[in-house]
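Trainee: Input: one structure, supplied below.
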Amino acid sequence: MSTAAPPSADSDCAIDVVDLAIRYHGQLALSGVTLQVPTHEIFGVIGPANSGKTSFLRAINRMDLLTAGMEVSGSVRVEGRDVRSWRNPYALRQRIGVVFPLPVGLPMTIYENVALSSRLRGTRNKADLDVIVERCLRRAALWDEVKDRLDSLGSLLSGGQQQRLTIARALSQDPSILLLDEFSIAVDPVTTMRIEEVLAELKSEMTIVLVTNLVQQARRLASQTAFFLTGELVEVTETETMFEGGAKDPRTTAYVEGKFG
Amino acid sequence: MADMTHAADRRDLAWWVDRAMQVLVLAGGLSAIVFIAGIFVFITREGAGFVFDRLDFREFFFSPRWTPTSSHNPTYGALALIAGTASVTGLAMVVSVPFSLGAAIYIGEFATGRVRETLKVLVELLAAIPSVVWGFIGLSIMNPLIIQVFDVPVGLNVLNSGIILGLMAAPIMTTIAEDALKAVPDTYREAAEAMGATRWQVTFRVVLPAARNGLVAATLLGVGRGFGETMAVLMASGHSINLPTSPFDSVRALTATIAAELGETAAGSDHYQALFTLGIFLFLVTFAINFAADVFVRGGRRKYRRRGRRPAASANP
C-alpha cells in the first residue's frame with residue numbers, strides 16, 4: 001500500500017509545475033498550481049467545468065503561444081526543463097501527444113492521419129510509414145476495424161473510431177507524455193473501456209495526464225489524482241486514498257462522492 | 001380541456017408571420033431564377049434567328065475575320081475575339097492566383113488581430129473599385145509604362161489588360177479564398193499544432209487540402225469575372241482584332257466588342273443578332289464556369305462534414 005506523500009521533484013518527475021497561474025485577457029483562470037507528475041504513471045485531473053483543467057494542459061504543451069490573450073506565469077518543467085526555455089516549441093509539442101475532448105479526424109485518409117506526424121518530421125519511406133501506421137493503429141485498438149479501408153477519409157469514421165484514430169495519431173508522435181482532455185465525452189461506454197485498457201498498457205512507456213469529467217475513470221486508472229475547483233488546485237492525493245474518504249479537503253470528498261459538480 | 005384543444009389549434013401572430021415570411025422568401029428566391037431565365041430567353045431570342053439561319057459555325061469558331069460592317073461581304077468570325085478574351089483572362093489568372101492565394105493565406109492563417117481586420121477591409125475596398133477606374137489606370141499609367149519598359153510601340157495589349165484584369169479579380173478571389181480557409185474548422189488547426197506542426201506545415205498539410213475545393217471555386221469565379229469584364233478590357237487591350245502571338249499584341253475581347261458595337265447597329269440586323277450570338281456564347285461560358293465553381297464548393301462541403309446542414313423545415317401548416 002502506497003503512502004500519501006507526494007513524490008519529490010527528482011528525475012522521476014515528468015512534469016514539474018511550480019506556482020502556475022493562467023490568465024485569459026488578464027482574467028485569472030487558474031492559479032497557485034504546484035504539483036509533480038511522476039514518470040510512467042497515469043496522473044488524473046478531476047474537477048467540475050471551468051475549474052481550469054484544460055488550461056492546465058494547454059500550459060504544458062505551450063498552446064498559450066497560439067491562443068490570443070492567454071498568459072502563463074510560474075513554471076512548468078517538462079523533463080527537467082522549463083517549457084518556456086525550449087527555443088523550438090514545435091519540438092516540445094512533438095514530444096507531447098494530445099487527445100482533445102471531441103475527436104478530430106483530420107480531413108485526410110486514415111493512413112495519412114497516422115502518418116502525418118512522421119511526415120512532418122521528414123520520414124518519406126513508405127515501408128517505414130506502413131510500419132508506424134499499423135503499430136499505432138493496433139495500439140489504439142483500431143487496426144482491425146480500419147485495416148481494409150486505410151484510404152478512406154479519417155473524418156468520416158464514427159465518433160468512437162475517430163477518437164481512437166486521434167489516439168493513434170498522438171502515439172505516432174512517439175511521445176514521452178500523453179495529455180488526454182476528457183477523451184470519453186463523445187465516445188460510447190464500450191469504446192471508453194477499450195481505450196482505458198489501452199491507456200493502462202501505455203503507461204509503461206509514457207507519462208499520461210488524464211483530465212476527466214468521470215471521477216470513476218480517474219479512480220480506475222490514475223495512481224494520483226489532482227482535484228481542481230474554480231481555478232484552484234485543491235489537492236493532489238493518491239487516488240485510492242482520495243476515493244476512500246482520505247482526501248485532505250472536504251470539498252474533494254464531496255465532489256468524488258457526487259455531492260456537487 | 002376545451003381550452004387546451006383551442007390552444008393547439010390557434011394560429012397566433014407568430015404562426016402567420018412565419019407563413020408570410022416563407023411566402024416572401026420563396027418569392028425572392030423564385031425571382032432570381034425568373035430573372036436569369038428571362039435574360040437567357042431574351043438574348044437567345046434576339047440572337048436565335050441568326051444562329052439558326054445564317055450563322056456558319058465553322059466561320060464563327062474558326063475564322064478570325066470579324067467584319068460585320070463590310071458592305072459587300074460581312075463576316076462573323078469570332079475566333080480572334082475568343083482568343084482575345086481567353087488570352088487576357090489567362091494572363092489575368094497567372095497574375096491574380098498567386099496574389100490572391102498568398103493574400104488569403106496571410107489574412108486567414110498568419111495575420112492576427114488588427115492587422116488582419118485592416119487587411120480584410122482593404123481587400124474588400126479594392127474589390128469595390130469601379131472597372132472604369134481600372135481601365136483608366138490601364139490607359140494612363142500602364143500604357144506609357146509598358147511602352148517605356150519593353151520598348152514596344154503600343155502599350156495597350158494583352159499584357160496591359162491581363163495585369164489590370166488580374167489585379168481587378170484578385171480582391172474578390174482573395175475574399176472567397178479566405179472564406180474557404182475560414183470554413184476549415186479550427187479544431188483541425190489545433191490538432192495539427194498540438195502535434196508539433198509549424199504554422200506553415202499546418203497551412204500546407206492540413207488547411208489548404210481541406211479548403212482545396214473552395215480555392216478552386218475562388219479561381220473559377222475569378223475566371224468568370226475575367227470573361228465577363230468589359231470596360232477595363234475595352235480600355236486596356238487596344239481593342240483591335242488580332243490573333244495574339246505575344247503579350248504585346250493588341251486584342252479585342254468578346255465583351256468589349258458587344259459594348260462598342262451594339263449601339264451602332266440597327267435592331268434586328270444581322271450585325272445586331274451576331275452580337276447577341278456573342279452574348280449567348282459568353283452567357284454559356286460564364287454559366288458553365290459558375291456551375292463548375294458551385295460543384296466544387298458543394299463537393300468540398302460534402303467531403304469533410306459528417307453532419308450536413310439541417311434540412312429546411314417543411315412548410316406544412
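Convention: chains lettered A, B, ... in C-alpha cells order; per-chain residue numbering from 1; ligands numbered from 1 as shown.
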Excluding B:Ala217 and residues on its chain fewer than 2 positions from it, collect all residues at most 6 Å away from it, counting only C-alpha atoms, and give them as a PyMOL selection string.

Mentor: chain B and resi 214-215+219-220+293+296

Trainee: Write out, as a short mmCIF file (atom, residue, chain, number, x, y, z; two decimals), in the first residue's frame, the residues just selected, with N, CA and C atoms.

Mentor:
```cif
data_model
loop_
_atom_site.label_atom_id
_atom_site.label_comp_id
_atom_site.auth_asym_id
_atom_site.auth_seq_id
_atom_site.Cartn_x
_atom_site.Cartn_y
_atom_site.Cartn_z
N GLY B 214 -12.85 24.94 -52.22
CA GLY B 214 -13.20 26.35 -52.14
C GLY B 214 -12.19 27.21 -52.87
N LEU B 215 -10.93 26.81 -52.83
CA LEU B 215 -9.89 27.59 -53.51
C LEU B 215 -10.04 27.46 -55.02
N THR B 219 -10.88 30.48 -57.74
CA THR B 219 -10.18 30.70 -59.00
C THR B 219 -11.16 30.71 -60.17
N LEU B 220 -12.10 29.77 -60.16
CA LEU B 220 -13.06 29.70 -61.26
C LEU B 220 -13.92 30.97 -61.31
N ALA B 293 -17.78 26.00 -60.46
CA ALA B 293 -17.36 26.51 -59.16
C ALA B 293 -18.30 26.02 -58.07
N PHE B 296 -17.73 22.46 -57.21
CA PHE B 296 -16.54 22.31 -56.37
C PHE B 296 -16.83 22.68 -54.92
#
```

Trainee: Stretch 36-210 of chain A: which residues are helix (DSSP H, G or I) by DSSP, as a ChimeraX atom specification?

Mentor: /A:53-60,63-66,83-85,89-95,110-120,126-139,143-146,154-156,159-172,183-186,189-202

Trainee: At a cut-off of 10 Å, list the chain B residues touching chain A, using only C-alpha atoms, as a PyMOL selection string.

Mentor: chain B and resi 112-113+184-185+187-199+201-202+205-207+209-211+303-307

Trainee: What parts of stretch 88-164 of chain A does DSSP call strand (DSSP E)? I'd like the answer as a PyMOL selection string.

Mentor: chain A and resi 96-99

Trainee: Please produce a file of those selected residues containing N, CA and C atoms, as an mmCIF file, in the first residue's frame.

Mentor:
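Below is the file that was written, again.cif:
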```cif
data_model
loop_
_atom_site.group_PDB
_atom_site.id
_atom_site.type_symbol
_atom_site.label_atom_id
_atom_site.label_comp_id
_atom_site.auth_asym_id
_atom_site.auth_seq_id
_atom_site.Cartn_x
_atom_site.Cartn_y
_atom_site.Cartn_z
ATOM 1 N N ILE A 96 4.942 15.649 -26.936
ATOM 2 C CA ILE A 96 3.730 15.558 -26.121
ATOM 3 C C ILE A 96 2.534 15.264 -27.017
ATOM 4 N N GLY A 97 1.924 14.117 -26.836
ATOM 5 C CA GLY A 97 0.718 13.808 -27.597
ATOM 6 C C GLY A 97 -0.499 14.389 -26.895
ATOM 7 N N VAL A 98 -1.462 14.873 -27.668
ATOM 8 C CA VAL A 98 -2.655 15.457 -27.072
ATOM 9 C C VAL A 98 -3.901 14.815 -27.682
ATOM 10 N N VAL A 99 -4.848 14.465 -26.826
ATOM 11 C CA VAL A 99 -6.139 13.976 -27.298
ATOM 12 C C VAL A 99 -7.201 14.928 -26.763
#
```

Trainee: One decimal, Å: what's the distance from atom CA of A:Asp188 over to atom CA of A:His40, could you say?

Mentor: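 Value for the atom CA of A:Asp188-atom CA of A:His40 distance: 26.8 Å.
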
Trainee: Write out as a list in words the residues lying within 10 Å of A:Met242, counting only C-alpha atoms and excluding same-chain residues fewer than 3 positions away.

Mentor: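 Returned residues: Ala4, Arg219, Gln224, Thr225, Ala226, Phe227, Glu235, Val236, Thr237, Glu238, Thr239, Gly245, Gly246, Ala247, Lys248, Asp249, Thr252, Thr253 and Val256 of chain A.
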
Trainee: Dump C-alpha atoms for the selected residues as a tab-separated table (two decimals), in the first residue's frame?

Mentor:
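Written out: out_33.tsv:
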```
chain	number	residue	atom	x	y	z
A	4	ALA	CA	0.07	9.64	0.60
A	219	ARG	CA	-10.28	6.04	-9.90
A	224	GLN	CA	-2.53	10.02	-8.15
A	225	THR	CA	-5.33	12.46	-8.73
A	226	ALA	CA	-5.46	16.24	-8.62
A	227	PHE	CA	-8.71	17.99	-7.83
A	235	GLU	CA	-5.18	18.93	-3.61
A	236	VAL	CA	-3.15	16.12	-5.11
A	237	THR	CA	-3.65	12.79	-3.40
A	238	GLU	CA	-3.10	9.10	-4.05
A	239	THR	CA	-6.20	8.09	-5.94
A	245	GLY	CA	-12.54	9.13	2.24
A	246	GLY	CA	-8.94	10.08	2.86
A	247	ALA	CA	-8.98	13.36	0.94
A	248	LYS	CA	-7.34	16.30	2.68
A	249	ASP	CA	-10.08	18.72	1.77
A	252	THR	CA	-12.75	16.89	-2.65
A	253	THR	CA	-14.64	14.24	-0.75
A	256	VAL	CA	-15.86	12.46	-5.61
```

Trainee: Quick check, in Å to one decimal: how far apart do atom CA of A:Ser73 and atom CA of A:Ile22 lie?

Mentor: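 If I compute the distance from atom CA of A:Ser73 to atom CA of A:Ile22, I get 6.4 Å.
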
Trainee: So how far away is atom CA of B:Gly155 from atom CA of B:Gly238, in Å?

Mentor: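 Between atom CA of B:Gly238 and atom CA of B:Gly155 the gap is 8.0 Å.
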
Trainee: For B:Gly222, please output as a PyMOL selection string all residues within 9 Å (counting only C-alpha atoms; exclusion window: fewer than 3 positions along the same chain).

Mentor: chain B and resi 89+92-93+96-97+166+169-170+172-173+217-219+225-227

Trainee: Hey, which of B:Ile147, B:Leu181, B:Leu208, B:Ile43 ends up closest to B:Leu282? Count only C-alpha atoms.

Mentor: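 Once distances to B:Leu282 are computed over only C-alpha atoms, the minimum belongs to B:Ile43.
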
Trainee: Which residue, B:Gly28, B:Ala37, B:Gln273, B:Ser87, has the smallest gap to B:Pro244 when you use only C-alpha atoms?

Mentor: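 The answer is B:Ser87, which sits nearest to B:Pro244.
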
Trainee: Quick one: everything within 8 Å of A:Val33, counting only C-alpha atoms, minus sequence neighbours fewer than 3 positions away in the same chain. Send it as number ranges by chain.

Mentor: A: 17-21, 30, 232-233

Trainee: Restrict the selected residues to N, CA and C atoms and save them as a CSV table (one decimal), in the first residue's frame.

Mentor:
```
chain,number,residue,atom,x,y,z
A,17,VAL,N,5.4,21.2,-12.0
A,17,VAL,CA,4.7,22.5,-12.1
A,17,VAL,C,4.9,23.3,-10.7
A,18,VAL,N,5.3,24.5,-10.8
A,18,VAL,CA,5.5,25.3,-9.6
A,18,VAL,C,4.8,26.6,-9.8
A,19,ASP,N,3.8,26.9,-8.9
A,19,ASP,CA,3.1,28.1,-8.9
A,19,ASP,C,2.6,28.6,-10.2
A,20,LEU,N,2.0,27.7,-10.9
A,20,LEU,CA,1.4,28.0,-12.2
A,20,LEU,C,0.2,28.9,-12.1
A,21,ALA,N,0.1,29.9,-12.9
A,21,ALA,CA,-1.1,30.7,-13.0
A,21,ALA,C,-1.4,31.0,-14.5
A,30,LEU,N,-6.7,30.2,-13.6
A,30,LEU,CA,-6.1,29.1,-12.8
A,30,LEU,C,-4.9,29.7,-12.1
A,232,GLU,N,-8.4,26.7,-9.1
A,232,GLU,CA,-7.5,26.5,-8.0
A,232,GLU,C,-7.3,25.0,-7.9
A,233,LEU,N,-6.0,24.6,-7.5
A,233,LEU,CA,-5.7,23.2,-7.3
A,233,LEU,C,-6.0,23.0,-5.8
```
